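**Q** Below you'll find the structure I mean.
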Amino acid sequence: MNSEFLQNYFKNNLISNFNIIKFSQKYLNNFRLIFFSSIACLGMQNNSHYSAAKAALESLVKSASIELSNTLNRVYCIRLGAVEINKDKFSKELKIQHDKLQENLLKRTIGNKKISKEEIYGLVDYLLKNEQNSLHSEIIPLSSGFGLF
């Protein structure tokens, strides 16, 4: 990995989300934004760029929530752990890499349980539809017990 790779990675994974928040503040009223973070690569060799970008996204959401605290606008970040996904269309190499990441995560997950898409959909639905939602703008761990990190 070189500095150009890291700059492009942050441009795609952080700067774009920053621009979405700023655009929303300028042009939208009573908006709700949901971003996704991940702890999938935390502690995995050669993946510090991924973990750093996700940590920076969470910090961005925390800062935006302070800026928006006196408005009806909401910004959330759902921090995912191991997620059940269909790997049928993965290449052999990608399946191996994915299985290694999942194994690493599940070792550190209470109950050794993956998150289902229904759990993710349910949380997103709640955040978008519940007008009386007491969550103003939050980082929400959805990782079967690994949300302490």
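Just so we're on the same page: first chain in the structure tokens is A, next is B, and so on; residues restart at 1 for each chain, and ligands are numbered from 1 in the order they show up.
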Any chance you could list, as an MDAnalysis selection string, the residues in range 2-130 of chain A that come up strand (DSSP E or B) when DSSP is run on the backbone?
**A** chainID A and resid 32:38 74:80 83 115
**Q** Would you pick out the contacts of range 11-18 of chain A at 6 Å or less, using only C-alpha atoms, so that residues sharing its chain but fewer than 3 positions from it are not included, and give the list as a list in words?
**A**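 Residues near the query, excluding close chain neighbours: Asn8, Ile21 and Leu57 of chain A.
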**Q** Could you make a table, as a tab-separated table, of the residues of range 71-100 of chain A that have an atom within 8 Å of an atom of range 105-124 of chain A, each with its nearest atom pair and distance in Å to one decimal, counting only C-alpha atoms, in chain and number order?
**A**
```
residue	atom	partner	partner_atom	distance
A:Leu80	CA	A:Ile115	CA	8.0
A:Gly81	CA	A:Leu105	CA	6.9
A:Ala82	CA	A:Lys114	CA	5.0
A:Val83	CA	A:Ile115	CA	4.5
A:Glu84	CA	A:Ser116	CA	5.4
A:Ile85	CA	A:Lys117	CA	8.0
```
**Q** I want to know what sits within 10 Å of Asn73 in chain A, based on only C-alpha atoms, with residues of the same chain fewer than 4 positions away left out; could you give that as a ChimeraX atom specification?
**A** /A:24-25,28-33,64-65,67-69,136-137
**Q** Would you save the residues from that selection as an mmCIF file, in the first residue's frame, using N, CA and C atoms?
**A**
```cif
data_model
loop_
_atom_site.group_PDB
_atom_site.id
_atom_site.type_symbol
_atom_site.label_atom_id
_atom_site.label_comp_id
_atom_site.auth_asym_id
_atom_site.auth_seq_id
_atom_site.Cartn_x
_atom_site.Cartn_y
_atom_site.Cartn_z
ATOM 1 N N SER A 24 -26.650 17.553 2.455
ATOM 2 C CA SER A 24 -27.929 17.388 3.160
ATOM 3 C C SER A 24 -28.212 18.576 4.065
ATOM 4 N N GLN A 25 -27.190 19.052 4.767
ATOM 5 C CA GLN A 25 -27.367 20.213 5.642
ATOM 6 C C GLN A 25 -27.783 21.453 4.846
ATOM 7 N N LEU A 28 -31.473 19.994 2.399
ATOM 8 C CA LEU A 28 -32.587 19.171 2.880
ATOM 9 C C LEU A 28 -33.035 19.596 4.274
ATOM 10 N N ASN A 29 -34.295 19.343 4.569
ATOM 11 C CA ASN A 29 -34.842 19.595 5.902
ATOM 12 C C ASN A 29 -35.315 18.279 6.498
ATOM 13 N N ASN A 30 -35.132 18.132 7.796
ATOM 14 C CA ASN A 30 -35.608 16.949 8.523
ATOM 15 C C ASN A 30 -35.122 15.654 7.862
ATOM 16 N N PHE A 31 -33.837 15.562 7.611
ATOM 17 C CA PHE A 31 -33.284 14.387 6.940
ATOM 18 C C PHE A 31 -32.734 13.374 7.948
ATOM 19 N N ARG A 32 -32.625 12.160 7.487
ATOM 20 C CA ARG A 32 -31.988 11.080 8.247
ATOM 21 C C ARG A 32 -31.007 10.386 7.318
ATOM 22 N N LEU A 33 -29.776 10.323 7.744
ATOM 23 C CA LEU A 33 -28.731 9.646 6.976
ATOM 24 C C LEU A 33 -28.247 8.448 7.779
ATOM 25 N N ALA A 64 -20.794 15.362 13.248
ATOM 26 C CA ALA A 64 -22.005 15.857 12.583
ATOM 27 C C ALA A 64 -23.184 15.861 13.538
ATOM 28 N N SER A 65 -23.253 14.872 14.416
ATOM 29 C CA SER A 65 -24.378 14.824 15.360
ATOM 30 C C SER A 65 -24.352 16.015 16.309
ATOM 31 N N GLU A 67 -23.065 19.003 15.490
ATOM 32 C CA GLU A 67 -23.469 20.132 14.649
ATOM 33 C C GLU A 67 -24.981 20.173 14.432
ATOM 34 N N LEU A 68 -25.615 19.014 14.396
ATOM 35 C CA LEU A 68 -27.044 18.920 14.096
ATOM 36 C C LEU A 68 -27.917 18.808 15.349
ATOM 37 N N SER A 69 -27.322 18.933 16.515
ATOM 38 C CA SER A 69 -28.046 18.639 17.753
ATOM 39 C C SER A 69 -29.264 19.526 17.989
ATOM 40 N N HIS A 136 -30.701 10.395 18.845
ATOM 41 C CA HIS A 136 -30.557 11.609 18.048
ATOM 42 C C HIS A 136 -29.646 11.349 16.866
ATOM 43 N N SER A 137 -28.425 11.125 17.121
ATOM 44 C CA SER A 137 -27.443 10.753 16.105
ATOM 45 C C SER A 137 -26.422 9.903 16.822
#
```
**Q** Could you tell me how far CA of Lys62 in chain A lies from CA of Arg74 in chain A, in Å and to one decimal?
**A**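 Between CA of Lys62 in chain A and CA of Arg74 in chain A the gap works out to 10.9 Å.
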**Q** Would you mind reading off the distance between CA of Arg79 in chain A and CA of Ser3 in chain A, one decimal, in Å?
**A**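 CA of Ser3 in chain A lies at a distance of 26.1 Å from CA of Arg79 in chain A.
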**Q** Please return, as number ranges by chain, all residues of range 9-132 of chain A that DSSP assigns to alpha helix (DSSP H) on the basis of the backbone.
**A** A: 9-10, 16-27, 48-67, 92-107, 117-129
**Q** Report as number ranges by chain all protein, DNA and RNA residues lying within 12 Å of Ser37 in chain A, evaluated on only C-alpha atoms, omitting residues in the same chain fewer than 5 positions from it.
**A** A: 13-14, 17, 42, 50-61, 76-82, 138-143, 147
